[in-house]
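What follows is a short report on a single structure.
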Amino acid sequence: MQNTIVALVEDKPGVLNRIASLFRRRNFNIKSLNVGNSEKPGISRMTIVVDDSVNASQVEANLYKLVNVIDVQDVTDEPAVIRELALIKVSVTPEKRNEISSLADIFRTNVVDVAQDSMTIEIVGTEKKIAGFVELLRPFGILEMVRTGNIAMMRGAMAGKRYMPGKNGTEEQKQYSALSFS
Amino acid sequence: MKMNGADIMMECLVREGVDTIFGYPGGAIMPVHDAMLKYPIHHVLTRHEQGASHAADGYARASGKVGVAVATSGPGATNLVTGIVTAMMDSVPMVCITGQVPAHLIGGDAFQETDVTGVTLPITKHNYLITRADEIAQVVREAFHIARSGRPGPVLIDFCKNAQLDEIEFEYPEDISLPGYSPPDHAPMDDVNKAVELIEAAERPVILAGHGVQMSGAMEELRIFATKTNTPVSMTLLGLGALPASDPLSLGMMGMHGEACANEAIQNADLILAFGMRFDDRVTGVLSKYAPHAKKIHVEVDPTEIHKNVAVDVPLMGDLKTVLADMIPLLDEYDHPQWMAQIAEWKAETEERSIMSWQDDGKLYSAHAIRAMWTATEGDALVVTGVGQHQMWAAQYYEFEKPYRLLTSGGAGTMGYGLPAALGAWFTDKEKDVWLIDGDGSFQMTQAELSTMMQEGANVKIVLLNNSYLGMVRQWQELFFDERYAATPITGPDFMKLAEAHGIPAKRVTKPEDAMDALEFAKNTPGTVLIEFQVEKEELVYPMVPAGAALNEMLRRPIKSEK
């Protein structure tokens with residue numbers, strides 16, 4: 001099992017380093033970490049997946065303690081859309097090409113590159129779906145694979161779990177927050 | 001008005017109320033020192049940057065203001081590090097300003113270039129790198145706000161030399177914007193009500209008062225709370241002074257070298273009220289056996305401390321003074337006669353084993369020196385200590401009646417803290433009675449600061465407890481390493497000559513009956529005075545909770561007749 005945490009952070013130099021340093025310092029093991037723009041200029045959005053040896057409330061509290069972190073929510077057991085994108089380059093021979101293409105269709109993936117002896121397939125889905133697809137491709141020979149790590153968003157107007165009453169969701173933070181507050 | 005970056009820095013510091021800076025010059029910070037000449041700021045030249053950071057820390061702890069230390073890039077900055085860690089561990093508000101090579105040279109391994117924001121990232125509350133002059137005012141405002149608010153701590157500003165020299169139009173920012181930084185004040189009332197229910201139901205409550213009590217200025221609220229609910233109060237090392245030692249509800253210090261009565265109370269309590277403390281391993285003993293019968297309420301301003309070491313039943317996240325003020329009107333007066341009788345029994349037993357109850361055997365013990373000092377200063381001195389046995393004895397035998405009277409490195413346990421911190425404390429109020437209790441090991445780590453004290457005409461009374469050992473490590477060697485005294489015997493200089501070389505009057509004491517006279521001499525001689533007590537070499541600090549033991553499984557101080 002694992003915990004998925006969404007954090008909004010100021011887009012400033014060194015912020016990623018502060019977060020990475022915090023996880024190292026507190027011995028939180030990161031499974032994946034994704035950073036990108038949010039809908040607000042100057043604010044980046046991170047999706048952090050940690051394994052469940054880590055207490056999610058401690059992660060949240062420690063992230064909050066960083067001056068550049070604006071908002072944190074645990075979306076692990078909440079109604080959230082959690083997705084990952086993977087590019088998988090698989091070895092192909094002329095006789096196997098059709099078989100792989102039909103597997104790619106079944107999984108509703110896109111073939112984004114075809115070469116003489118390889119195909120690159122783009123798959124979007126949950127970690128489970130990607131893992132299933134990878135297992136099917138493995139016998140053909142996976143040459144290369146890259147994954148984005150999870151990104152997450154709460155469904156509708158719902159909010160993720162917060163462990164810090166009084167601290168989270170202050171008026172000031174709501175102004176900046178790209179996450180929906182319930 | 002056009003100003004250069006160094007002038008802007010000074011202007012901003014003055015506006016933050018800074019009048020004293022502890023530091024050391026160097027290439028990458030020269031414009032800043034140059035600018036100081038134009039501003040009403042006194043720069044204290046310490047003999048090592050570590051001294052500057054400890055002095056700024058001592059200044060901050062003694063005054064409640066933000067201490068400021070300045071150093072150059074590279075080794076100047078890295079020498080501050082020990083002082084920054086010390087301040088971080090003990091939540092001391094401090095701003096450190098370090099020079100940095102010009103921005104365009106960063107990353108090129110220029111002369112005296114070090115990645116100081118990288119080095120200090122895990123040991124500061126926050127840090128900044130200023131590469132342009134137009135960032136300075138904003139950064140300084142934010143740095144001071146962050147350093148002094150919430151759970152205070154050190155903030156470092158790494159200041160590129162080009163930004164110090166560039167001239168820009170100075171504009172002081174009216175507001176600061178820190179969207180991700182909002183320390184809590186009131187705890188949610190739902191939680192406060194849950195806490196009140198636990199307090200009402202408690203039969204054996206005990207309060208653990210930490211540094212947070214004095215940091216948030218909640219001494220009066222603590223007193224009212226304890227008195228109203230009739231709850232005994234034990235204190236952490238940094239909490240000493242939160243409640244007067246003579247208060248009938250005071251149990252003294254808890255923890256590894258805490259009073260037996262305090263530790264017994266915690267282990268037998270059915271409710272623990274942790275006020276502004278963080279369940280450090282030095283106050284809990286082994287966690288699996290900690291306070292096994294107690295429900296726990298934890299009032300704390302730093303969310304990361306909640307459930308960190310000890311899972312609690314009701315966390316109250318907020319400023320201690322505010323939360324206690326919210327809670328007190330909801331409380332009735334409670335009485336726990338059985339519990340108080342038990343406490344009284346433990347206190348009497350603790351008293352019996354106090355070294356002060358020992359018959360005089362003609363030997364000079366550290367406790368004698370500290371008690372004599374208590375008498376000479378009428379218990380009202382500002383006491384600064386180093387780290388080691390003498391620190392524990394100071395905590396045990398100098399009975400603190402008032403808050404803000406003990407400056408000591410708790411969390412970090414930084415030897416060498418004492419002398420520079422005492423110097424910093426003296427600068428907050430030159431009329432203040434500042435006494436340093438130091439060990440010979442700790443003292444020698446930073447004794448170069450005697451020169452600074454001489455240059456500044458400081459007035460610090462130094463009580464040096466010399467046992468020719470690194471006593472605390474020796475104690476562990478005696479107890480747990482079969483008396484193999486590896487690397488702990490230590491020879492000092494002739495401290496009388498050392499004092500003389502610095503123009504400091506000094507006396508040496510070897511017999512208990514001479515202690516009082518020497519201390520009176522120190523008290524009545526203007527300026528810094530050093531009194532060396534050549535104490536018993538192989539004393540142990542009792543009580544002691546050995547590693548891995550529960551808090552009340554203590555090695556007790558022998559009753560004298562047993563020894």
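Quick note on naming: the chains in the structure tokens go A, B, ... in the order shown, residues restart at 1 in each chain, and ligands are numbered from 1 in order of appearance.
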So which bits of stretch 111-297 of chain B end up helix (DSSP H, G or I) when you DSSP the backbone, as a PyMOL selection string? chain B and resi 116-123+133-148+161-165+189-201+211-215+219-229+260-268+281-284+287-289
Requested in this report: Could the residues of chain A within 6 Å of chain B, counting only C-alpha atoms, be given as a list of chain:residue names, please?
Outcome: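 Those within range of chain B come out as A:Ala61, A:Asn62, A:Val67, A:Asn68, A:Val69, A:Ile70, A:Lys167.
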Residues from the last selection, N, CA and C atoms, saved as a short mmCIF file (atom, residue, chain, number, x, y, z; two decimals), in the first residue's frame:
```
data_model
loop_
_atom_site.label_atom_id
_atom_site.label_comp_id
_atom_site.auth_asym_id
_atom_site.auth_seq_id
_atom_site.Cartn_x
_atom_site.Cartn_y
_atom_site.Cartn_z
N ALA A 61 2.36 17.29 7.90
CA ALA A 61 2.83 18.31 8.85
C ALA A 61 4.20 18.85 8.45
N ASN A 62 5.07 17.93 8.06
CA ASN A 62 6.42 18.37 7.69
C ASN A 62 6.42 19.19 6.41
N VAL A 67 8.23 26.75 4.41
CA VAL A 67 7.63 28.06 4.16
C VAL A 67 7.02 28.13 2.75
N ASN A 68 7.62 27.45 1.79
CA ASN A 68 7.17 27.56 0.40
C ASN A 68 6.01 26.63 0.05
N VAL A 69 5.59 25.81 0.99
CA VAL A 69 4.48 24.91 0.72
C VAL A 69 3.17 25.57 1.15
N ILE A 70 2.22 25.65 0.22
CA ILE A 70 1.00 26.41 0.48
C ILE A 70 -0.14 25.51 0.95
N LYS A 167 -4.74 24.52 11.02
CA LYS A 167 -3.61 24.94 10.22
C LYS A 167 -4.01 24.99 8.75
#
```
| request: Extract, using only C-alpha atoms, all DNA, RNA and protein residues at most 9 Å from A:Met1, discarding same-chain residues fewer than 6 positions from it, and format them as a list in words. | output: Asp51, Asp52 and Ser53 of chain A
Could those residues be written to a file, using C-alpha atoms, as a PDB file, in the first residue's frame?
```pdb
ATOM      1  CA  ASP A  51       5.009   3.938   0.826  1.00  0.00           C
ATOM      2  CA  ASP A  52       2.818   3.167   3.798  1.00  0.00           C
ATOM      3  CA  SER A  53       5.725   2.744   6.192  1.00  0.00           C
TER       4      SER A  53
END
```
For A:Ile82, the closest of A:Ala159, A:Met145, A:Ile43, A:Ile5 counting only C-alpha atoms is A:Ile5
B:Val509: which residues within 9 Å, counting only C-alpha atoms, same-chain residues fewer than 6 positions away excluded, as an MDAnalysis selection string? chainID B and resid 364 515 518 531:535
request  = Could you give me, as an NGL selection string, the residues within 7 Å of stretch 340-353 of chain B, counting only C-alpha atoms and dropping anything in the same chain fewer than 4 positions from it?
outcome  = :B and (259-261 or 265 or 336 or 357 or 557-559)
Filtering to C-alpha atoms, could you give me those residues as a PDB file, in the first residue's frame?
```
ATOM      1  CA  GLU B 259      14.260  14.619  39.825  1.00  0.00           C
ATOM      2  CA  ALA B 260      12.932  11.244  40.858  1.00  0.00           C
ATOM      3  CA  CYS B 261       9.675  12.816  42.013  1.00  0.00           C
ATOM      4  CA  ALA B 265       4.838  11.405  38.712  1.00  0.00           C
ATOM      5  CA  HIS B 336      -6.632  15.225  43.893  1.00  0.00           C
ATOM      6  CA  SER B 357      21.396  16.873  52.644  1.00  0.00           C
ATOM      7  CA  ARG B 557      21.938   9.292  44.167  1.00  0.00           C
ATOM      8  CA  PRO B 558      23.150   7.257  47.140  1.00  0.00           C
ATOM      9  CA  ILE B 559      22.107   8.422  50.563  1.00  0.00           C
TER      10      ILE B 559
END
```
If you count only C-alpha atoms, which residues fall within 10 Å of stretch 96-104 of chain A, apart from same-chain ones fewer than 3 positions away, as a PDB file with C-alpha atoms, in the first residue's frame?
```
ATOM      1  CA  VAL A  90       9.104  -2.989 -26.926  1.00  0.00           C
ATOM      2  CA  SER A  91      11.157  -5.185 -29.201  1.00  0.00           C
ATOM      3  CA  VAL A  92       9.189  -6.375 -32.267  1.00  0.00           C
ATOM      4  CA  THR A  93       9.668  -8.783 -35.111  1.00  0.00           C
ATOM      5  CA  PHE A 107      -5.572  -1.381 -23.418  1.00  0.00           C
ATOM      6  CA  ARG A 108      -6.609   1.762 -25.347  1.00  0.00           C
ATOM      7  CA  THR A 109      -3.044   2.909 -25.679  1.00  0.00           C
ATOM      8  CA  ASN A 110      -1.380   4.859 -28.466  1.00  0.00           C
ATOM      9  CA  VAL A 111       1.458   3.604 -30.582  1.00  0.00           C
ATOM     10  CA  VAL A 114       7.234   2.398 -34.944  1.00  0.00           C
ATOM     11  CA  ASP A 117      12.598  -3.689 -34.739  1.00  0.00           C
ATOM     12  CA  SER A 118      10.772  -1.765 -32.030  1.00  0.00           C
ATOM     13  CA  MET A 119       7.514  -0.032 -31.159  1.00  0.00           C
ATOM     14  CA  ILE A 121       3.558   2.612 -26.863  1.00  0.00           C
ATOM     15  CA  GLU A 122       2.069   5.382 -24.759  1.00  0.00           C
ATOM     16  CA  ILE A 123      -0.259   4.211 -22.013  1.00  0.00           C
ATOM     17  CA  PHE A 133       0.119  -4.075 -19.639  1.00  0.00           C
ATOM     18  CA  LEU A 136       1.820  -8.707 -21.102  1.00  0.00           C
ATOM     19  CA  LEU A 137       4.579  -6.980 -23.043  1.00  0.00           C
ATOM     20  CA  PHE A 140       8.260  -9.684 -26.235  1.00  0.00           C
TER      21      PHE A 140
END
```
The distance between atom CA of B:Thr414 and atom CA of B:Gln447 is 14.2 Å
Could you list, as a CSV table (one decimal) with N, CA and C atoms, in the first residue's frame, every residue within 12 Å of A:Asn3, counting only C-alpha atoms and ignoring same-chain residues fewer than 3 positions away?
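The resulting file, result08.csv, is reproduced below:
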```
chain,number,residue,atom,x,y,z
A,6,VAL,N,-1.0,15.4,-2.4
A,6,VAL,CA,-1.0,16.5,-3.3
A,6,VAL,C,-0.5,17.7,-2.6
A,28,PHE,N,11.5,9.6,4.9
A,28,PHE,CA,10.3,9.2,4.2
A,28,PHE,C,10.7,8.7,2.9
A,29,ASN,N,10.3,7.5,2.5
A,29,ASN,CA,10.7,7.0,1.2
A,29,ASN,C,9.8,7.4,0.1
A,30,ILE,N,10.3,8.1,-0.9
A,30,ILE,CA,9.4,8.5,-2.0
A,30,ILE,C,9.3,7.4,-3.0
A,31,LYS,N,8.1,7.0,-3.4
A,31,LYS,CA,8.0,6.1,-4.5
A,31,LYS,C,7.9,6.8,-5.8
A,32,SER,N,7.2,7.9,-5.9
A,32,SER,CA,7.2,8.7,-7.1
A,32,SER,C,6.9,10.2,-6.7
A,33,LEU,N,7.4,11.1,-7.5
A,33,LEU,CA,7.2,12.5,-7.3
A,33,LEU,C,7.0,13.2,-8.6
A,47,THR,N,2.6,15.9,-7.0
A,47,THR,CA,1.9,14.7,-6.5
A,47,THR,C,3.0,13.7,-6.0
A,48,ILE,N,2.9,13.4,-4.7
A,48,ILE,CA,4.0,12.7,-4.1
A,48,ILE,C,3.4,11.3,-3.6
A,49,VAL,N,4.0,10.3,-4.0
A,49,VAL,CA,3.6,9.0,-3.5
A,49,VAL,C,4.7,8.4,-2.5
A,50,VAL,N,4.2,8.1,-1.3
A,50,VAL,CA,5.2,7.5,-0.4
A,50,VAL,C,4.6,6.1,0.0
A,51,ASP,N,5.5,5.3,0.4
A,51,ASP,CA,5.0,3.9,0.8
A,51,ASP,C,4.4,4.0,2.2
A,52,ASP,N,3.6,3.0,2.6
A,52,ASP,CA,2.8,3.2,3.8
A,52,ASP,C,3.6,2.9,5.1
A,53,SER,N,4.9,2.8,5.0
A,53,SER,CA,5.7,2.7,6.2
A,53,SER,C,5.8,4.1,6.8
A,54,VAL,N,5.3,5.1,6.0
A,54,VAL,CA,5.4,6.5,6.4
A,54,VAL,C,4.0,6.9,6.9
A,55,ASN,N,4.0,7.7,8.0
A,55,ASN,CA,2.8,8.2,8.6
A,55,ASN,C,2.4,9.4,7.7
A,56,ALA,N,1.2,9.3,7.0
A,56,ALA,CA,0.8,10.4,6.1
A,56,ALA,C,0.6,11.7,6.9
A,57,SER,N,0.2,11.7,8.1
A,57,SER,CA,0.0,13.0,8.9
A,57,SER,C,1.3,13.6,9.2
A,58,GLN,N,2.4,12.8,9.4
A,58,GLN,CA,3.7,13.4,9.6
A,58,GLN,C,4.2,14.0,8.3
A,59,VAL,N,3.9,13.4,7.2
A,59,VAL,CA,4.4,13.9,5.9
A,59,VAL,C,3.7,15.3,5.7
A,60,GLU,N,2.4,15.3,5.9
A,60,GLU,CA,1.6,16.5,5.7
A,60,GLU,C,2.2,17.6,6.6
A,73,GLN,N,-2.8,17.9,0.8
A,73,GLN,CA,-3.9,17.1,1.0
A,73,GLN,C,-3.5,15.6,0.8
A,74,ASP,N,-4.0,14.8,1.6
A,74,ASP,CA,-3.8,13.3,1.4
A,74,ASP,C,-5.0,12.8,0.6
A,75,VAL,N,-4.8,12.3,-0.6
A,75,VAL,CA,-6.0,11.8,-1.4
A,75,VAL,C,-6.1,10.3,-1.4
A,76,THR,N,-5.3,9.6,-0.6
A,76,THR,CA,-5.1,8.2,-0.7
A,76,THR,C,-6.5,7.4,-0.7
A,77,ASP,N,-7.3,7.6,0.3
A,77,ASP,CA,-8.5,6.8,0.4
A,77,ASP,C,-9.7,7.7,0.0
A,78,GLU,N,-9.5,8.7,-0.7
A,78,GLU,CA,-10.5,9.7,-1.1
A,78,GLU,C,-10.9,9.4,-2.5
A,82,ILE,N,-6.6,9.2,-10.1
A,82,ILE,CA,-5.1,9.1,-10.0
A,82,ILE,C,-4.6,8.4,-11.3
A,150,ASN,N,2.6,9.0,-10.4
A,150,ASN,CA,1.2,9.4,-10.4
A,150,ASN,C,0.9,10.9,-10.3
A,152,ALA,N,-2.6,13.3,-9.4
A,152,ALA,CA,-3.9,13.1,-8.7
A,152,ALA,C,-4.7,14.3,-8.7
A,160,GLY,N,-9.4,16.5,-0.3
A,160,GLY,CA,-8.7,15.4,0.3
A,160,GLY,C,-8.6,15.5,1.8
A,161,LYS,N,-8.0,14.5,2.4
A,161,LYS,CA,-8.0,14.5,3.8
A,161,LYS,C,-6.9,15.4,4.4
```
In terms of only C-alpha atoms, the residue from B:Phe275, B:Tyr398, B:Tyr485, B:Trp393 at minimal distance from B:Glu221 is B:Phe275
*Nearest to B:Asn162 among B:Asn4, B:Pro93, B:Val206, B:Glu378, with distances taken over only C-alpha atoms: which residue is it?*
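Result for the nearest residue to B:Asn162: B:Asn4.
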Among chain A, which ones does DSSP assign to strand (DSSP E) (computed from the backbone)? Answer as a ChimeraX atom specification. /A:2-10,30-37,43-51,69-74,80-91,110-114,118-125,142-147,151-154
Students should find that atom CA of B:Gly67 and atom CA of B:Leu423 are spaced 12.4 Å
task: Point out the residue among B:Tyr404, B:Val299, B:Gly410, B:Ala294 with the least atom-to-atom distance to B:Leu243, counting only C-alpha atoms.
output: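 Among B:Tyr404, B:Val299, B:Gly410, B:Ala294, it is B:Tyr404 that comes nearest to B:Leu243.
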Taken to one decimal, the atom CA of B:Ser63-atom CA of B:Cys12 distance is 19.8 Å
